[in-house]
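Student: What follows is the file run-v4.cif, containing mmCIF, C-alpha atoms and all ligand atoms:
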data_final
loop_
_atom_site.label_atom_id
_atom_site.label_comp_id
_atom_site.auth_asym_id
_atom_site.auth_seq_id
_atom_site.Cartn_x
_atom_site.Cartn_y
_atom_site.Cartn_z
CA VAL A 1 -46.28 18.17 26.51
CA PHE A 2 -43.18 17.79 24.38
CA ASP A 3 -40.96 20.62 23.13
CA LEU A 4 -40.85 19.23 19.61
CA ILE A 5 -42.35 16.34 17.70
CA ILE A 6 -40.97 15.35 14.31
CA GLU A 7 -43.46 13.14 12.54
CA ASN A 8 -43.03 10.64 9.74
CA VAL A 9 -39.25 10.21 9.54
CA VAL A 10 -37.22 7.13 8.54
CA PRO A 11 -34.28 6.32 10.87
CA TRP A 12 -31.04 5.70 8.91
CA GLY A 13 -33.11 5.70 5.71
CA SER A 14 -33.82 2.02 6.23
CA GLN A 15 -36.10 1.46 9.21
CA PRO A 16 -39.91 1.84 9.34
CA ALA A 17 -41.18 5.43 9.51
CA CYS A 18 -41.75 6.78 13.03
CA SER A 19 -42.20 9.97 15.02
CA VAL A 20 -39.68 11.43 17.44
CA ALA A 21 -40.74 13.28 20.59
CA ILE A 22 -38.23 15.62 22.21
CA ARG A 23 -38.16 17.25 25.61
CA ASP A 24 -35.37 19.10 27.43
CA GLY A 25 -32.91 18.38 24.64
CA LEU A 26 -33.43 14.62 24.68
CA VAL A 27 -35.26 12.10 22.53
CA VAL A 28 -37.83 10.98 25.08
CA ALA A 29 -40.05 8.81 22.89
CA LEU A 30 -39.95 7.14 19.50
CA ASP A 31 -43.43 6.71 18.12
CA PRO A 32 -45.42 8.31 20.93
CA PRO A 33 -49.14 7.43 20.74
CA SER A 34 -50.23 10.16 18.34
CA ALA A 35 -53.81 10.97 19.36
CA ASP A 36 -53.29 12.77 22.65
CA VAL A 37 -49.77 14.08 22.25
CA SER A 38 -49.23 17.82 22.35
CA ALA A 39 -46.05 19.65 21.56
CA ALA A 40 -44.86 23.24 21.38
CA ARG A 41 -43.75 22.61 17.79
CA ARG A 42 -44.52 19.92 15.23
CA LEU A 43 -42.61 19.21 12.07
CA ASP A 44 -43.76 16.92 9.28
CA GLY A 45 -40.76 14.94 8.04
CA ALA A 46 -42.72 13.73 4.99
CA GLY A 47 -40.96 10.36 5.04
CA GLY A 48 -37.45 11.87 5.01
CA MET A 49 -34.40 10.14 6.48
CA LEU A 50 -33.59 10.70 10.13
CA LEU A 51 -29.91 10.68 11.14
CA PRO A 52 -28.00 11.71 14.24
CA GLY A 53 -26.21 15.04 13.78
CA LEU A 54 -23.01 14.58 11.76
CA VAL A 55 -19.72 14.72 13.66
CA ASN A 56 -16.47 15.79 11.99
CA ILE A 57 -13.91 14.04 14.17
CA HIS A 58 -10.80 15.33 12.44
CA THR A 59 -10.24 18.66 10.75
CA HIS A 60 -8.02 21.76 10.89
CA LEU A 61 -10.28 24.81 11.10
CA ASP A 62 -7.37 27.20 11.71
CA LYS A 63 -6.17 26.50 8.16
CA ALA A 64 -9.57 26.37 6.44
CA TYR A 65 -9.89 28.10 3.06
CA LEU A 66 -6.23 29.14 2.87
CA ALA A 67 -6.16 27.51 -0.57
CA GLU A 68 -7.87 30.69 -1.78
CA ARG A 69 -4.66 32.61 -0.95
CA ILE A 70 -1.87 30.05 -1.04
CA VAL A 71 -1.13 27.77 -3.95
CA ASN A 72 0.77 24.58 -3.25
CA ILE A 73 2.39 24.27 -6.66
CA SER A 74 3.81 20.75 -6.31
CA GLY A 75 0.86 19.51 -4.25
CA THR A 76 3.30 17.70 -1.94
CA LEU A 77 3.14 17.54 1.86
CA THR A 78 6.62 19.06 2.01
CA GLU A 79 5.57 22.16 0.11
CA ALA A 80 2.28 22.36 2.06
CA ARG A 81 4.23 22.37 5.33
CA SER A 82 6.68 25.04 4.24
CA ARG A 83 3.97 27.29 2.78
CA MET A 84 1.87 26.87 5.93
CA ARG A 85 4.84 27.81 8.10
CA GLU A 86 5.14 31.08 6.19
CA ALA A 87 1.41 31.71 6.25
CA LYS A 88 0.85 31.04 9.92
CA ALA A 89 3.59 33.46 10.97
CA ALA A 90 1.19 36.15 9.73
CA PHE A 91 -2.00 34.66 11.28
CA THR A 92 -4.10 37.02 13.38
CA VAL A 93 -6.79 35.85 15.77
CA ALA A 94 -9.41 37.66 13.65
CA ASP A 95 -8.27 35.99 10.43
CA VAL A 96 -8.32 32.49 11.91
CA ARG A 97 -11.69 33.15 13.53
CA ALA A 98 -13.27 34.34 10.27
CA ARG A 99 -12.08 31.36 8.24
CA ALA A 100 -12.91 28.79 10.93
CA ASP A 101 -16.34 30.36 11.43
CA ARG A 102 -17.02 30.02 7.71
CA ALA A 103 -16.18 26.29 7.85
CA ILE A 104 -18.41 25.75 10.91
CA ARG A 105 -21.25 27.55 9.14
CA GLN A 106 -20.78 25.53 5.96
CA GLY A 107 -20.72 22.31 7.98
CA LEU A 108 -23.87 23.21 9.89
CA ARG A 109 -25.74 23.79 6.64
CA CYS A 110 -24.80 20.22 5.76
CA GLY A 111 -25.85 18.90 9.18
CA VAL A 112 -22.54 18.92 11.10
CA THR A 113 -23.34 19.57 14.77
CA ALA A 114 -20.04 18.55 16.40
CA ILE A 115 -16.44 19.12 15.32
CA ARG A 116 -13.08 18.15 16.78
CA THR A 117 -10.50 20.46 15.27
CA HIS A 118 -6.75 20.28 15.57
CA VAL A 119 -5.22 23.74 15.97
CA ASP A 120 -1.52 24.44 15.42
CA VAL A 121 0.44 25.42 18.51
CA ASP A 122 4.14 26.15 18.06
CA PRO A 123 6.65 29.03 18.32
CA VAL A 124 5.63 30.29 14.84
CA VAL A 125 1.90 30.81 15.44
CA GLY A 126 1.93 30.82 19.22
CA LEU A 127 -1.54 30.59 20.73
CA ARG A 128 -3.35 32.76 18.17
CA GLY A 129 -5.16 29.80 16.57
CA VAL A 130 -6.25 28.43 19.92
CA GLU A 131 -7.53 31.85 21.03
CA ALA A 132 -9.65 32.16 17.89
CA LEU A 133 -11.14 28.68 18.28
CA LEU A 134 -11.84 29.20 21.98
CA GLU A 135 -13.92 32.27 21.03
CA LEU A 136 -15.81 30.24 18.43
CA ARG A 137 -16.41 27.36 20.84
CA THR A 138 -18.35 29.82 23.01
CA ALA A 139 -20.08 31.59 20.12
CA TRP A 140 -21.44 28.34 18.67
CA GLN A 141 -22.48 26.79 21.95
CA GLY A 142 -25.90 25.20 21.58
CA ALA A 143 -25.58 24.64 17.84
CA VAL A 144 -22.19 23.04 17.25
CA ASP A 145 -20.06 21.28 19.88
CA LEU A 146 -16.49 22.30 19.21
CA GLN A 147 -13.52 20.44 20.67
CA ILE A 148 -10.05 21.92 20.35
CA VAL A 149 -7.00 19.70 20.01
CA ALA A 150 -3.76 21.55 20.80
CA PHE A 151 -1.69 20.27 17.88
CA PRO A 152 2.12 20.48 17.69
CA GLN A 153 2.28 20.42 13.88
CA GLU A 154 6.04 20.91 13.97
CA GLY A 155 6.62 18.26 16.65
CA LEU A 156 7.50 18.38 20.34
CA ALA A 157 10.81 16.53 20.50
CA LEU A 158 12.15 18.48 17.52
CA GLU A 159 10.90 21.86 18.75
CA PRO A 160 11.19 21.79 22.56
CA ARG A 161 9.72 25.27 23.11
CA THR A 162 6.39 23.88 21.91
CA GLU A 163 5.72 21.79 25.04
CA GLU A 164 5.34 24.87 27.23
CA LEU A 165 3.06 26.49 24.62
CA LEU A 166 0.91 23.37 24.56
CA ARG A 167 0.72 23.54 28.34
CA GLU A 168 -0.49 27.15 28.06
CA ALA A 169 -3.08 26.14 25.42
CA LEU A 170 -4.43 23.47 27.78
CA ARG A 171 -4.53 25.98 30.64
CA LEU A 172 -6.54 28.36 28.40
CA GLY A 173 -9.07 25.58 27.77
CA ALA A 174 -7.99 23.44 24.80
CA ASP A 175 -9.81 20.13 25.25
CA VAL A 176 -7.45 17.47 23.93
CA VAL A 177 -3.69 16.87 23.65
CA GLY A 178 -2.58 16.44 20.03
CA GLY A 179 0.57 14.94 18.63
CA HIS A 180 2.36 14.55 15.32
CA LEU A 181 4.09 11.20 15.73
CA SER A 182 5.00 10.62 12.11
CA ILE A 183 7.27 13.67 12.14
CA ALA A 184 9.78 11.48 14.03
CA ARG A 185 12.07 9.54 11.70
CA ASP A 186 13.73 7.17 14.20
CA PRO A 187 12.38 5.05 17.09
CA GLU A 188 14.11 7.15 19.75
CA THR A 189 12.54 10.44 18.58
CA LEU A 190 9.23 8.64 18.14
CA ARG A 191 9.26 7.54 21.79
CA ALA A 192 10.26 11.03 22.96
CA GLU A 193 7.46 12.58 20.89
CA THR A 194 4.90 10.11 22.27
CA ASP A 195 6.12 10.42 25.87
CA ALA A 196 5.73 14.21 25.72
CA VAL A 197 2.10 13.81 24.60
CA PHE A 198 1.31 11.43 27.48
CA ARG A 199 3.13 13.69 29.95
CA LEU A 200 0.80 16.58 29.05
CA ALA A 201 -2.31 14.39 28.99
CA ALA A 202 -1.57 13.05 32.48
CA GLU A 203 -0.72 16.53 33.82
CA PHE A 204 -4.02 18.02 32.58
CA ASP A 205 -6.16 14.85 32.65
CA ARG A 206 -7.10 15.19 28.95
CA ASP A 207 -7.71 12.73 26.13
CA ILE A 208 -5.14 12.24 23.38
CA ASP A 209 -5.63 12.53 19.61
CA VAL A 210 -2.53 12.08 17.46
CA HIS A 211 -1.57 12.06 13.79
CA ALA A 212 0.31 8.78 13.27
CA ASP A 213 2.00 6.75 10.54
CA ILE A 214 1.14 9.05 7.66
CA ASP A 215 4.34 8.36 5.69
CA ILE A 216 4.03 5.49 3.20
CA ASP A 217 7.54 5.89 1.75
CA ARG A 218 9.35 4.35 4.74
CA ASP A 219 10.39 0.71 4.84
CA TYR A 220 8.41 -0.39 7.89
CA VAL A 221 9.26 -4.06 7.37
CA ARG A 222 13.06 -3.70 7.51
CA ASP A 223 13.18 -3.73 11.31
CA VAL A 224 10.65 -5.99 12.98
CA SER A 225 10.93 -7.24 16.55
CA THR A 226 9.09 -9.53 18.95
CA HIS A 227 7.53 -7.70 21.90
CA ALA A 228 6.62 -8.77 25.44
CA ASP A 229 3.21 -10.10 24.26
CA GLY A 230 5.04 -12.55 21.98
CA LEU A 231 3.87 -10.83 18.77
CA ARG A 232 6.03 -9.31 16.01
CA TYR A 233 5.67 -5.59 15.24
CA PRO A 234 7.41 -3.16 12.86
CA ASP A 235 9.76 -0.97 14.94
CA GLY A 236 9.06 2.16 12.93
CA LEU A 237 5.29 2.16 13.38
CA GLY A 238 4.13 4.96 15.69
CA VAL A 239 0.90 3.28 16.78
CA VAL A 240 2.75 0.29 18.24
CA TYR A 241 4.54 2.34 20.89
CA LEU A 242 1.42 4.53 21.25
CA ALA A 243 -0.70 1.47 22.08
CA GLU A 244 1.84 -0.04 24.47
CA LYS A 245 2.19 3.30 26.24
CA THR A 246 -1.63 3.63 26.35
CA ILE A 247 -1.90 0.28 28.15
CA ALA A 248 1.08 0.95 30.45
CA ASP A 249 -0.28 4.36 31.51
CA GLY A 250 -3.92 3.21 31.83
CA PHE A 251 -5.20 5.45 29.01
CA GLN A 252 -7.36 2.79 27.31
CA GLY A 253 -10.43 4.36 25.70
CA ARG A 254 -8.94 7.87 25.81
CA VAL A 255 -6.62 7.82 22.80
CA SER A 256 -7.33 8.17 19.10
CA ALA A 257 -4.92 7.99 16.18
CA ALA A 258 -5.57 9.41 12.72
CA HIS A 259 -4.26 8.52 9.25
CA LEU A 260 -2.53 5.14 9.91
CA SER A 261 -1.68 5.08 6.19
CA ALA A 262 1.30 2.80 6.88
CA LEU A 263 -1.08 -0.04 7.79
CA ASP A 264 -1.62 -0.38 4.06
CA THR A 265 2.11 -0.90 3.42
CA ILE A 266 2.84 -3.82 5.77
CA PRO A 267 2.03 -7.50 5.17
CA PRO A 268 -1.33 -8.84 6.44
CA ASP A 269 0.18 -10.99 9.25
CA LEU A 270 2.01 -8.02 10.79
CA ARG A 271 -1.03 -5.82 10.22
CA ALA A 272 -3.23 -8.29 12.11
CA ASN A 273 -0.86 -8.04 15.11
CA VAL A 274 -1.06 -4.24 15.06
CA VAL A 275 -4.85 -4.27 14.71
CA ASP A 276 -5.17 -6.59 17.70
CA LEU A 277 -2.84 -4.39 19.76
CA LEU A 278 -4.99 -1.34 18.92
CA ARG A 279 -8.08 -3.29 20.02
CA ARG A 280 -6.48 -4.27 23.33
CA ALA A 281 -5.40 -0.66 23.95
CA ASN A 282 -8.92 0.49 22.98
CA ILE A 283 -7.45 3.12 20.68
CA ALA A 284 -9.90 4.63 18.19
CA ALA A 285 -8.66 4.67 14.60
CA VAL A 286 -9.63 7.73 12.58
CA ALA A 287 -9.49 7.23 8.82
CA LEU A 288 -9.03 10.22 6.52
CA PRO A 289 -9.46 8.68 3.07
CA ALA A 290 -10.05 11.88 1.09
CA SER A 291 -6.88 13.41 2.47
CA ASN A 292 -4.74 10.31 1.94
CA LEU A 293 -5.98 9.71 -1.61
CA TYR A 294 -5.02 13.27 -2.48
CA THR A 295 -1.63 13.37 -0.76
CA HIS A 296 -0.18 9.91 -1.24
CA GLY A 297 1.25 8.29 -4.34
CA ARG A 298 1.57 11.66 -6.02
CA GLU A 299 5.11 11.02 -7.23
CA ASP A 300 4.68 7.32 -8.06
CA PRO A 301 5.59 6.97 -11.77
CA THR A 302 3.00 4.22 -12.22
CA GLY A 303 0.37 2.58 -10.03
CA ALA A 304 -0.07 5.53 -7.65
CA ARG A 305 -0.44 4.20 -4.08
CA ARG A 306 -3.46 5.44 -2.16
CA GLY A 307 -2.23 5.33 1.42
CA VAL A 308 -5.78 4.86 2.73
CA THR A 309 -5.80 3.01 6.04
CA ARG A 310 -7.39 -0.45 6.26
CA LEU A 311 -10.70 0.75 7.65
CA LEU A 312 -12.58 -2.52 7.18
CA ASP A 313 -9.73 -4.65 8.60
CA LEU A 314 -9.68 -2.40 11.66
CA GLN A 315 -13.45 -2.62 12.06
CA ARG A 316 -13.49 -6.42 11.62
CA GLY A 317 -10.64 -6.68 14.12
CA GLY A 318 -12.75 -5.01 16.80
CA VAL A 319 -11.10 -1.58 16.69
CA ARG A 320 -13.36 1.46 17.10
CA VAL A 321 -13.23 3.39 13.82
CA ALA A 322 -14.44 6.77 12.65
CA VAL A 323 -13.89 8.89 9.55
CA GLY A 324 -13.07 12.60 9.31
CA THR A 325 -12.46 15.11 6.55
CA ASP A 326 -9.00 16.33 7.52
CA ASN A 327 -8.19 19.73 5.98
CA ILE A 328 -10.81 21.96 4.38
CA ARG A 329 -9.57 23.73 1.25
CA ASP A 330 -6.06 24.57 2.38
CA PRO A 331 -2.58 23.89 0.92
CA PHE A 332 -2.66 20.33 2.30
CA LEU A 333 -6.02 19.50 0.75
CA PRO A 334 -7.37 22.15 -1.65
CA PHE A 335 -10.43 19.98 -2.41
CA GLY A 336 -11.33 19.10 1.18
CA ASN A 337 -14.88 19.97 2.17
CA ALA A 338 -16.94 20.52 5.32
CA ASP A 339 -19.79 18.45 3.82
CA LEU A 340 -19.61 15.15 5.69
CA VAL A 341 -22.00 13.27 3.41
CA GLN A 342 -19.72 14.06 0.49
CA ASN A 343 -16.84 12.85 2.67
CA ALA A 344 -18.74 9.64 3.44
CA ILE A 345 -19.22 8.98 -0.27
CA VAL A 346 -15.51 9.52 -0.98
CA ALA A 347 -14.68 7.20 1.95
CA ALA A 348 -17.10 4.55 0.68
CA LEU A 349 -15.31 4.61 -2.69
CA ALA A 350 -11.84 4.60 -1.15
CA CYS A 351 -12.57 1.85 1.40
CA HIS A 352 -14.24 -0.48 -1.09
CA LEU A 353 -17.71 -0.66 0.44
CA VAL A 354 -19.93 -3.10 -1.42
CA ARG A 355 -23.67 -2.88 -0.79
CA THR A 356 -25.91 0.16 -0.48
CA GLU A 357 -26.67 -0.91 3.13
CA ASP A 358 -22.95 -0.73 3.94
CA PHE A 359 -23.33 3.02 3.61
CA ILE A 360 -25.23 2.97 6.92
CA ASP A 361 -21.96 1.83 8.54
CA MET A 362 -20.20 4.73 6.82
CA LEU A 363 -22.82 7.11 8.23
CA ARG A 364 -22.19 5.63 11.71
CA PHE A 365 -18.46 6.35 11.21
CA HIS A 366 -19.51 10.01 10.70
CA THR A 367 -22.04 10.19 13.59
CA THR A 368 -22.25 7.82 16.57
CA ALA A 369 -18.66 6.49 16.37
CA PRO A 370 -16.95 9.92 16.43
CA ALA A 371 -19.47 11.16 19.02
CA LYS A 372 -18.20 8.43 21.32
CA ILE A 373 -14.59 9.50 20.70
CA MET A 374 -15.56 13.08 21.58
CA GLY A 375 -17.23 11.85 24.76
CA LEU A 376 -20.69 13.07 23.68
CA ALA A 377 -22.82 10.88 25.93
CA ASP A 378 -25.84 8.91 24.69
CA TYR A 379 -25.58 9.80 21.03
CA GLY A 380 -27.83 8.22 18.41
CA LEU A 381 -31.47 7.75 17.56
CA ALA A 382 -32.66 5.78 20.60
CA GLU A 383 -34.84 7.01 23.44
CA GLY A 384 -32.71 8.85 25.98
CA CYS A 385 -30.21 10.08 23.41
CA ALA A 386 -29.33 13.72 22.91
CA ALA A 387 -31.73 15.27 20.38
CA ASP A 388 -28.95 16.06 17.87
CA LEU A 389 -30.78 15.12 14.69
CA LEU A 390 -30.99 15.67 10.96
CA VAL A 391 -34.11 15.31 8.90
CA LEU A 392 -33.27 15.01 5.23
CA HIS A 393 -35.41 15.59 2.16
CA ALA A 394 -34.12 12.25 0.84
CA ARG A 395 -36.46 9.39 1.75
CA SER A 396 -33.95 6.55 1.38
CA LEU A 397 -30.25 5.74 1.16
CA ASP A 398 -30.70 5.38 -2.58
CA ALA A 399 -32.08 8.91 -2.86
CA MET A 400 -29.21 10.20 -0.74
CA LEU A 401 -26.64 8.42 -2.89
CA ASP A 402 -28.40 9.81 -5.96
CA GLY A 403 -27.40 13.25 -4.67
CA GLU A 404 -30.34 14.41 -2.60
CA ARG A 405 -28.52 15.06 0.63
CA ALA A 406 -29.26 18.54 1.98
CA PRO A 407 -30.93 18.40 5.40
CA HIS A 408 -34.38 19.90 5.72
CA TRP A 409 -33.88 20.52 9.44
CA VAL A 410 -30.84 20.38 11.69
CA VAL A 411 -31.78 19.91 15.33
CA LYS A 412 -29.31 20.42 18.18
CA ARG A 413 -30.31 19.49 21.73
CA GLY A 414 -33.94 19.68 20.66
CA ARG A 415 -33.79 23.09 18.95
CA VAL A 416 -33.97 23.67 15.20
CA VAL A 417 -30.64 25.39 14.43
CA ALA A 418 -30.80 25.24 10.64
CA GLU A 419 -33.68 24.91 8.22
CA SER A 420 -33.24 24.29 4.50
CA ALA A 421 -29.63 25.47 4.78
CA PHE A 422 -30.59 28.69 6.59
CA ILE A 423 -28.99 28.89 9.99
CA ALA A 424 -31.16 29.95 12.94
CA SER A 425 -31.25 33.69 13.61
CA LEU A 426 -29.25 33.39 16.82
CA TYR A 427 -26.24 32.46 14.72
CA LEU A 428 -27.21 34.59 11.73
CA GLN A 429 -24.63 36.56 9.84
CA GLU A 430 -25.03 38.60 6.70
CA ASP A 431 -24.23 35.73 4.36
CA ASP A 432 -27.11 33.69 5.75
CA GLY A 433 -29.75 36.38 5.14
CA ALA A 434 -32.77 35.17 3.23
ZN ZN B 501 -4.97 16.21 10.29
#
Represent the structure of the file as structure tokens.

Tutor:
Amino acid sequence: VFDLIIENVVPWGSQPACSVAIRDGLVVALDPPSADVSAARRLDGAGGMLLPGLVNIHTHLDKAYLAERIVNISGTLTEARSRMREAKAAFTVADVRARADRAIRQGLRCGVTAIRTHVDVDPVVGLRGVEALLELRTAWQGAVDLQIVAFPQEGLALEPRTEELLREALRLGADVVGGHLSIARDPETLRAETDAVFRLAAEFDRDIDVHADIDIDRDYVRDVSTHADGLRYPDGLGVVYLAEKTIADGFQGRVSAAHLSALDTIPPDLRANVVDLLRRANIAAVALPASNLYTHGREDPTGARRGVTRLLDLQRGGVRVAVGTDNIRDPFLPFGNADLVQNAIVAALACHLVRTEDFIDMLRFHTTAPAKIMGLADYGLAEGCAADLLVLHARSLDAMLDGERAPHWVVKRGRVVAESAFIASLYLQEDDGA
């Protein structure tokens, strides 16, 4: 007897239709012999697409929906940072919790069952953001896996009091050590910033997830040097020291780096060296195309640069890649959205995908690839994988790309947690009432 059988679904919108049998939160059989199979619950997928639950690998839930209160008039990163500094001084735990909860809820309606969120930790906001997210991590247990990255938005080397606050956040239960490497403007500060991140990660035995090389206005090619491996690297690139430190400290497979916009500004031969170094360090690259398209090139008088990282070059070079949303409707990204399929479509446009089938890769960058970064074991559609699944109304990739993308059912660890955009009663709040 199975807990749940979902009949007549099409894995990735491209494979032959099958049934999925689930027991104890796991996919235990694909296409079980139908005649004598009994299950506590049966769902008829009616030929709809089957996907693993969507995973948002990079967002900022503590800032979600602040665009409704705060207008970033210039649209620049500089103004976003200064307005956020003002706003977060007034953050309360309840305010952060309410906004973050709304983003989790909106994501779940769209099939997002795991989220890694960066949360600001610094002397301005203290630990209020982390406290709110820790409460939500517990409240959503069983429906959405939430990982909290303690994020020094204002830097560690430049704001030394932050390191002790980060330590306290990790003691309270934050999962991952964050970093903001591109805040450093010279190689010495960059190394200090990176070293502080590794110091904390080693002390607490946590993974690392940094923001790196966001700035596309720096001249990364001015200073280039040959390193111990005999290859030439731009001195100003944060991921170069990050990767070398990762290898030196034995952190391979435990570090991810987001943005990497600067990879689009350096010549292909230097870029190939950096890509190969990232592969050897087994650093995961997290692309945030929607965010970069919005933020970068804003003041270019003609030919606005996009600042989107070289996702396909990284993938072809053997680097693990994933794609996140970055901010959700805040002063950094007023048009960011918790809907990961929308994000995948924007990313497909920005990263120059070609064929309809390539979109399956893009869906992997939003499901199995980020799940691996988050350490969610055995994630996917195979037997033995966690039963984190979406069944869509759409019966094919074409139908999904035509706009039919709402999930019919969202299944987490074998339980239906959302149905036709209504979230299961356990997690019900007034706004979800039928
Ligand atoms: Zn970010």

Student: Taking all atoms listed in the file into account, which of A:Gly111, A:Glu154, A:Gly126, A:Val93 comes nearest Arg81 (chain A)?

Tutor: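 So, comparing all the options, the nearest one is A:Glu154.
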
Student: Just give me the gap between CA of Leu312 (chain A) and CA of Val149 (chain A) in Å, one decimal is fine.

Tutor: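 Computed distance, CA of Leu312 (chain A) to CA of Val149 (chain A), equals 26.3 Å.
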
Student: Can you tell me which residues come within 8 Å of ligand ZN 501 (chain B) when counting all atoms listed in the file, ideally as JSON, numbers by chain?

Tutor: {"A": [58, 59, 60, 118, 211, 258, 259, 326, 327]}

Student: Around (-37.1, 22.2, 16.6), as given in the file, which residues come within 8 Å? Count only C-alpha atoms and list them as JSON, numbers by chain.

Tutor: {"A": [3, 4, 5, 41, 42, 43, 411, 414, 415, 416, 417]}

Student: So that I can see what lies close to His393 (chain A), please list as an MDAnalysis selection string the residues with an atom at most 12 Å from it, counting only C-alpha atoms and leaving out residues fewer than 6 positions away in the same chain.

Tutor: chainID A and resid 8:10 13 44:51 399:400 403:410 419:421

Student: Using only C-alpha atoms for the distances, tell me which of A:Gly307, A:Pro331, A:Gly324, A:Pro370 is nearest to Thr76 (chain A).

Tutor: A:Pro331

Student: At what distance in Å, to one decimal, does CA of Trp140 (chain A) lie from CA of Thr113 (chain A)?

Tutor: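 Going from CA of Thr113 (chain A) over to CA of Trp140 (chain A) covers 9.8 Å.
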
Student: What gap, in Å, lies between CA of Pro334 (chain A) and CA of Arg128 (chain A)?

Tutor: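 Atom-to-atom, CA of Pro334 (chain A) to CA of Arg128 (chain A), that is 22.8 Å.
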
Student: Listing only residues of region 219-274 of chain A within 12 Å of region 179-184 of chain A, what is the closest atom pair and its distance in Å (to one decimal) for each, using only C-alpha atoms, sorted by chain and residue number ascending, as CSV?

Tutor:
residue,atom,partner,partner_atom,distance
A:Gly236,CA,A:Ala184,CA,9.4
A:Leu237,CA,A:Ser182,CA,8.6
A:Gly238,CA,A:Leu181,CA,6.2
A:Val239,CA,A:Leu181,CA,8.6
A:Val240,CA,A:Leu181,CA,11.3
A:Tyr241,CA,A:Leu181,CA,10.3
A:Leu242,CA,A:Leu181,CA,9.1
A:Val255,CA,A:Gly179,CA,10.9
A:Ser256,CA,A:Gly179,CA,10.4
A:Ala257,CA,A:Gly179,CA,9.2
A:Ala258,CA,A:His180,CA,9.8
A:His259,CA,A:Ser182,CA,9.9
A:Leu260,CA,A:Ser182,CA,9.6
A:Ser261,CA,A:Ser182,CA,10.5
A:Ala262,CA,A:Ser182,CA,10.1

Student: Write the residues you've just listed into a file as an mmCIF file, in the coordinates of the input, and include C-alpha atoms for each of them.

Tutor:
data_model
loop_
_atom_site.group_PDB
_atom_site.id
_atom_site.type_symbol
_atom_site.label_atom_id
_atom_site.label_comp_id
_atom_site.auth_asym_id
_atom_site.auth_seq_id
_atom_site.Cartn_x
_atom_site.Cartn_y
_atom_site.Cartn_z
ATOM 1 C CA GLY A 236 9.060 2.160 12.930
ATOM 2 C CA LEU A 237 5.290 2.160 13.380
ATOM 3 C CA GLY A 238 4.130 4.960 15.690
ATOM 4 C CA VAL A 239 0.900 3.280 16.780
ATOM 5 C CA VAL A 240 2.750 0.290 18.240
ATOM 6 C CA TYR A 241 4.540 2.340 20.890
ATOM 7 C CA LEU A 242 1.420 4.530 21.250
ATOM 8 C CA VAL A 255 -6.620 7.820 22.800
ATOM 9 C CA SER A 256 -7.330 8.170 19.100
ATOM 10 C CA ALA A 257 -4.920 7.990 16.180
ATOM 11 C CA ALA A 258 -5.570 9.410 12.720
ATOM 12 C CA HIS A 259 -4.260 8.520 9.250
ATOM 13 C CA LEU A 260 -2.530 5.140 9.910
ATOM 14 C CA SER A 261 -1.680 5.080 6.190
ATOM 15 C CA ALA A 262 1.300 2.800 6.880
#

Student: Can you tell me, as a list of chain:residue names, what residues are no more than 10 Å from Leu381 (chain A) when counting all atoms listed in the file, ignoring any on the same chain fewer than 5 positions away?

Tutor: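 The residues that qualify are A:Pro11, A:Trp12, A:Val20, A:Val27, A:Leu30, A:Leu50, A:Leu51, A:Pro52, A:Gly53, A:Thr368, A:Ala386, A:Ala387, A:Asp388, A:Leu389.
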
Student: Centre and edge lengths, as lines of an AutoDock Vina configuration file, for the axis-aligned box enclosing every listed atom of region 209-221 of chain A with 6 Å of padding on each of the six sides, in Å to one decimal?

Tutor:
center_x = 2.4
center_y = 4.2
center_z = 10.7
size_x = 28.0
size_y = 28.6
size_z = 29.9

Student: So that I can see what lies close to Leu146 (chain A), please list as a PyMOL selection string the residues with an atom at most 7 Å from it, counting all atoms listed in the file and leaving out residues fewer than 3 positions away in the same chain.

Tutor: chain A and resi 114-116+137

Student: Here is a test: counting only C-alpha atoms, which residue of A:Ala272, A:Ala192, A:Leu397, A:Ala21 is nearest to Asp361 (chain A)?

Tutor: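 That would be A:Leu397, the residue with the smallest distance to Asp361 (chain A).
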
Student: Please list as a PyMOL selection string every residue within 6 Å of Phe365 (chain A), counting all atoms listed in the file and excluding residues in the same chain fewer than 2 positions away.

Tutor: chain A and resi 322-323+362-363+367+369

Student: Using C-alpha atoms, can you write the selected residues to a file as a short mmCIF file (atom, residue, chain, number, x, y, z; two decimals), in the coordinates of the input?

Tutor:
data_model
loop_
_atom_site.label_atom_id
_atom_site.label_comp_id
_atom_site.auth_asym_id
_atom_site.auth_seq_id
_atom_site.Cartn_x
_atom_site.Cartn_y
_atom_site.Cartn_z
CA ALA A 322 -14.44 6.77 12.65
CA VAL A 323 -13.89 8.89 9.55
CA MET A 362 -20.20 4.73 6.82
CA LEU A 363 -22.82 7.11 8.23
CA THR A 367 -22.04 10.19 13.59
CA ALA A 369 -18.66 6.49 16.37
#

Student: Rank A:Pro160, A:Pro234, A:Pro152, A:Gly317 by their smallest atom-to-atom distance to Val121 (chain A), using all atoms listed in the file, and report the top residue only.

Tutor: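 Going through A:Pro160, A:Pro234, A:Pro152, A:Gly317 one by one, the smallest distance to Val121 (chain A) is for A:Pro152.
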
Student: Rank A:Arg85, A:Arg280, A:Arg254, A:Tyr294 by their smallest atom-to-atom distance to Gly318 (chain A), using only C-alpha atoms, and report the top residue only.

Tutor: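 Of A:Arg85, A:Arg280, A:Arg254, A:Tyr294, the one nearest Gly318 (chain A), counting only C-alpha atoms, is A:Arg280.
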